[in-house]
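Step one of this worksheet: look at the structure below.
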Amino acid sequence: MILTGQDLTAYDRGHLHRAFLRLWRKKLAVVCSSILLLIYVAGLAAPWIAPYEYNDQDYSAIRDSPSFEHWAGTDLKGRDVFSRVLWGIQNTVVITFVTMATGGLVIGVSMGLISGYFGGRVDSIIMRVGEVFSSFPDILLVILLAATLRMRILEWVRWVEDNTFLDGIVKTGIADYLVVSLALVSFSWIGMARLVRGQVLSLKETQYVEAARSTGALTGRILFIHLLPNAIGPIVVTVSMGMGALVGTEIILSWLGLGIQPPRPSLGTMLYEAGSLSALRVVPWMLLAPGLVAWALVLCWNLLGDALNDVLNPRTR
Amino acid sequence: MAKYVLRRILWLPFLLIAVSSVTFALGTYGPGDPVQVMMGAKYDPVVAARLREALGLDRPIIVQYTEYMWNAVRGDFGESLVYRGRSVSSLLVSKMWVSFQVNVAAMVVSLSIGLPVGFWIAHKQGTWLDPATITLSLLLMSVPIMVSIPLVLWGLCLKLHWVPCSGWGGILDARIIVPAITMGIPGVAGLARLMRASTLDVMGQDFVRTAHSKGIHPMNVGYRHILRNALIPIVTVLSFSLAGMLTTGFITERLLGIPGVGDFAIKSIFSRDYPVIMAFTLILSTAFVLANLLADITYSFIDPRIRLT
């Protein structure tokens, strides 16, 4: 590797800063991050930037092809597809972030740390449980969970509504978020836990950890100050790849009618409505906007993950 | 190695017990009463109670589960709650056969595009074609299947009228084209990458250099020396991945009206037909775990650096 002046100054700034500089030089990664940023900001800002409400029906413009007024056309009920896509992205964004934060990061990382550091019986229990979850064929478990949990969680939320001052929780769609996130969490922690465990296993025998232990460092300090930061590279890569998979699964769930319920729009339900032969005959443009967004989300997270892997884990290059 | 394999196989029954009890618990704990689903609009509490008793659904869950598992071990997965009088095994076998044919067709598409492309770009290493092809195949691979199927349908079926739109008529019917293309294309990128790596590996070997220096025609070297050797690892790995592919098609099956096992499983989940869900989960988990084990073992033969412990 030829070091440039920029690299040499960057060496004082630490590992992550250098990795970031290397990432910045990869055109594909920069393009992908920008696209992701654009989609996510657009989704989160949907209430302010969407030209129409997701439920607004324009009876004079039913089944209109894309025009200046309706950028992505209108659907069978005269609703603006572009606005609905923005609202749909919002759901996907919230659900995938919540799942990644709770399942991947909190549960996955802590299970991996515990499993790798303490070893023994705790380790085998955690790893065996993970194995059970991962031996369910494909996303069958997620579908099964989502189908089973929905009614229970709705019942429970209604009970809360009836017995407290809180009102209209069901209407906000929080219950739907809860169902989908719970179902997705069930499998999203395993990969992360295995990865962190592997990192911890190889790091905990190193001399610097031994030194830390011999100076009387507490277990928590060793785990979070000494071990975790050294595993940050693979964790970031797994998060990026995992986000792609989560987005895909979330779309599958709502496509099957197990995700966010109508009238709230979601990418999956929009794709379902647009994908039938009858819809393709009359309103083929309905597929375009949600399809493009779903494709870009999955593709960009994967490409970004690839690029991050190159810059963060140079040993596996 | 032998110890590792033995341990994995001995562990399988415990894994299946865990998987089946999770599924059973979800089935029983889940909402909706199978009896209610069966009777539909003609629901009558007296008849329902009698039916529940006849099906053994009024007994404690543990008893139901034990009996189910005891029968399942002997190959009897019970009777479907929705399709009365049909055994789950006979239902599943016919549906699995359909899905298997779809998957074979899809794999033929992946292989017939992925292998030549991988072989070809290995020879173009270092030129712009190499990264361009990999990027293009990544672009194609990431199109979600619920987007690609409607796109293909819209183009090939509605606009060009080249292929029939949906339905099922066996692997030799024209209706196999759309599922084969849409399920096959995503596999191309992975296969091309694998084939590229494998070809490059063989191309660097001494016997290839010797063959070239003997003055053998490059075409002959390419075919006899490189291609044949490069294919060995790929074929071995692929033959095991078929087992894991049975579920992947449920969206395709749903969209195109193919009576396969994926669509059937989803329908069974919605109609609470849990004898079917249980059997499906058990069979596929077994296939899945065994396929993974075989793939691990194969990899360790192909790449001796991988140690199984």
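Letters A, B, ... mark the chains of the structure tokens in the order given; residue numbers begin at 1 per chain; ligand numbers begin at 1, in order shown.
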Expected answer as an MDAnalysis selection string: chain B residues within 8 Å of chain A, only C-alpha atoms: chainID B and resid 15 18:19 26:27 29:31 138:139 142:144 146:147 149:150 153:154 158 244 247:248 255 269:270 281 284:285 288:289
Would you please give, as a VMD selection string, all residues of segment 33-274 of chain A that DSSP assigns to alpha helix (DSSP H) based on the backbone? chain A and resid 33 to 44 46 to 49 81 to 99 110 to 118 120 to 134 140 to 163 169 to 172 174 to 203 207 to 214 219 to 221 232 to 255 267 to 274
Using only C-alpha atoms, which residues sit within 12 Å of Leu76 of chain A once same-chain residues fewer than 5 positions away are excluded, as a list in words?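 Selected residues are Gln57, Asp58, Tyr59, Ser60, Ala61, Ile62, Arg63, Asp64, Ser65, Val81, Met270, Glu273, Ala274, Ser278, Ala279, Leu280, Arg281, Val282, Val283, Pro284, Trp285 and Met286 of chain A.
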Leu55 of chain B: which residues within 10 Å, counting only C-alpha atoms, same-chain residues fewer than 3 positions away excluded, as JSON, numbers by chain? {"B": [35, 49, 50, 51, 52, 58, 59, 79, 81]}
Quick one: distance from atom CA of Ser166 of chain B to atom CA of Phe250 of chain B in Å, one decimal?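 Answer for the atom CA of Ser166 of chain B to atom CA of Phe250 of chain B separation: 14.4 Å.
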Report as a tab-separated table (two decimals) with N, CA and C atoms, in the first residue's frame all protein, DNA and RNA residues lying within 12 Å of Ala72 of chain B, evaluated on only C-alpha atoms, omitting residues in the same chain fewer than 3 positions from it.
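Okay, around37.tsv is ready:
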```tsv
chain	number	residue	atom	x	y	z
B	16	LEU	N	-34.48	-31.30	16.54
B	16	LEU	CA	-35.81	-31.47	15.98
B	16	LEU	C	-36.87	-31.41	17.07
B	17	ILE	N	-36.56	-31.95	18.24
B	17	ILE	CA	-37.52	-31.86	19.35
B	17	ILE	C	-37.75	-30.40	19.71
B	20	SER	N	-39.71	-28.72	16.87
B	20	SER	CA	-41.11	-29.13	16.81
B	20	SER	C	-41.89	-28.60	17.99
B	65	TYR	N	-48.89	-33.34	22.02
B	65	TYR	CA	-47.56	-33.22	21.44
B	65	TYR	C	-46.84	-34.57	21.42
B	66	THR	N	-46.87	-35.27	22.57
B	66	THR	CA	-46.17	-36.55	22.65
B	66	THR	C	-46.73	-37.52	21.63
B	67	GLU	N	-48.07	-37.56	21.55
B	67	GLU	CA	-48.67	-38.50	20.60
B	67	GLU	C	-48.27	-38.14	19.18
B	68	TYR	N	-48.30	-36.84	18.90
B	68	TYR	CA	-47.94	-36.41	17.56
B	68	TYR	C	-46.52	-36.85	17.21
B	69	MET	N	-45.60	-36.58	18.13
B	69	MET	CA	-44.20	-36.89	17.86
B	69	MET	C	-43.98	-38.40	17.73
B	75	GLY	N	-43.24	-41.99	10.87
B	75	GLY	CA	-43.57	-41.58	9.50
B	75	GLY	C	-45.01	-41.18	9.29
B	76	ASP	N	-45.81	-41.15	10.39
B	76	ASP	CA	-47.22	-40.78	10.24
B	76	ASP	C	-47.41	-39.36	10.76
B	77	PHE	N	-47.65	-38.44	9.85
B	77	PHE	CA	-47.77	-37.04	10.25
B	77	PHE	C	-49.23	-36.63	10.46
B	78	GLY	N	-50.11	-37.60	10.52
B	78	GLY	CA	-51.50	-37.28	10.81
B	78	GLY	C	-52.28	-36.83	9.59
B	79	GLU	N	-53.43	-36.23	9.89
B	79	GLU	CA	-54.35	-35.89	8.82
B	79	GLU	C	-54.51	-34.37	8.79
B	88	VAL	N	-51.30	-35.94	5.76
B	88	VAL	CA	-50.37	-34.84	5.53
B	88	VAL	C	-49.24	-35.28	4.61
B	89	SER	N	-48.77	-36.53	4.82
B	89	SER	CA	-47.64	-36.99	3.99
B	89	SER	C	-47.99	-36.97	2.51
B	275	PRO	N	-51.20	-29.66	11.77
B	275	PRO	CA	-50.51	-30.91	11.41
B	275	PRO	C	-49.62	-30.71	10.18
B	276	VAL	N	-50.12	-29.92	9.23
B	276	VAL	CA	-49.33	-29.66	8.02
B	276	VAL	C	-48.10	-28.82	8.36
B	278	MET	N	-46.54	-28.50	11.16
B	278	MET	CA	-45.59	-29.30	11.94
B	278	MET	C	-44.76	-30.20	11.02
B	279	ALA	N	-45.47	-30.95	10.16
B	279	ALA	CA	-44.77	-31.88	9.29
B	279	ALA	C	-43.79	-31.14	8.39
B	280	PHE	N	-44.28	-30.03	7.85
B	280	PHE	CA	-43.46	-29.23	6.96
B	280	PHE	C	-42.19	-28.75	7.65
B	281	THR	N	-42.38	-28.19	8.87
B	281	THR	CA	-41.22	-27.69	9.61
B	281	THR	C	-40.24	-28.81	9.93
B	282	LEU	N	-40.78	-29.95	10.37
B	282	LEU	CA	-39.90	-31.07	10.74
B	282	LEU	C	-39.10	-31.56	9.55
B	283	ILE	N	-39.80	-31.80	8.43
B	283	ILE	CA	-39.11	-32.34	7.25
B	283	ILE	C	-38.05	-31.36	6.76
```
Using only C-alpha atoms, determine which residues lie at most 9 Å from segment 217-225 of chain B, disregarding the query and same-chain residues fewer than 6 positions distant; provide the list as a PyMOL selection string. chain B and resi 202-203+207-208+211
Serialized selection, C-alpha atoms, as a CSV table (one decimal), in the first residue's frame:
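Once written, part12.csv looks like this:
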```csv
chain,number,residue,atom,x,y,z
B,202,VAL,CA,-7.1,-24.0,-11.7
B,203,MET,CA,-5.6,-21.6,-14.2
B,207,PHE,CA,-0.4,-28.6,-15.3
B,208,VAL,CA,-2.1,-25.8,-17.1
B,211,ALA,CA,-0.3,-28.0,-21.3
```
Which residue, A:Arg213, A:Trp301, A:Gly259, A:Met127, has the smallest gap to Ile95 of chain A when you use only C-alpha atoms?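 Closest residue, counting only C-alpha atoms: A:Gly259.
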Considering only C-alpha atoms, return as a list in words whatever protein or nucleic-acid residues lie within 12 Å of Ser110 of chain A, sequence-local ones (same chain, fewer than 5 positions apart) excluded.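 Non-adjacent residues within range: Ala101, Thr102, Gly103, Gly104, Leu105, Ser115, Gly116, Tyr117, Phe118, Asp123, Ile126, Trp189, Ile190, Met192, Ala193, Arg194, Leu195, Val196, Arg197, Val200, Gly220, Leu223, Phe224, Leu227 and Leu228 of chain A.
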Quick one: pull the distance between atom CA of Leu136 of chain B and atom CA of Leu267 of chain A, Å, one decimal.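 Computing it gives 24.5 Å between the two atoms.
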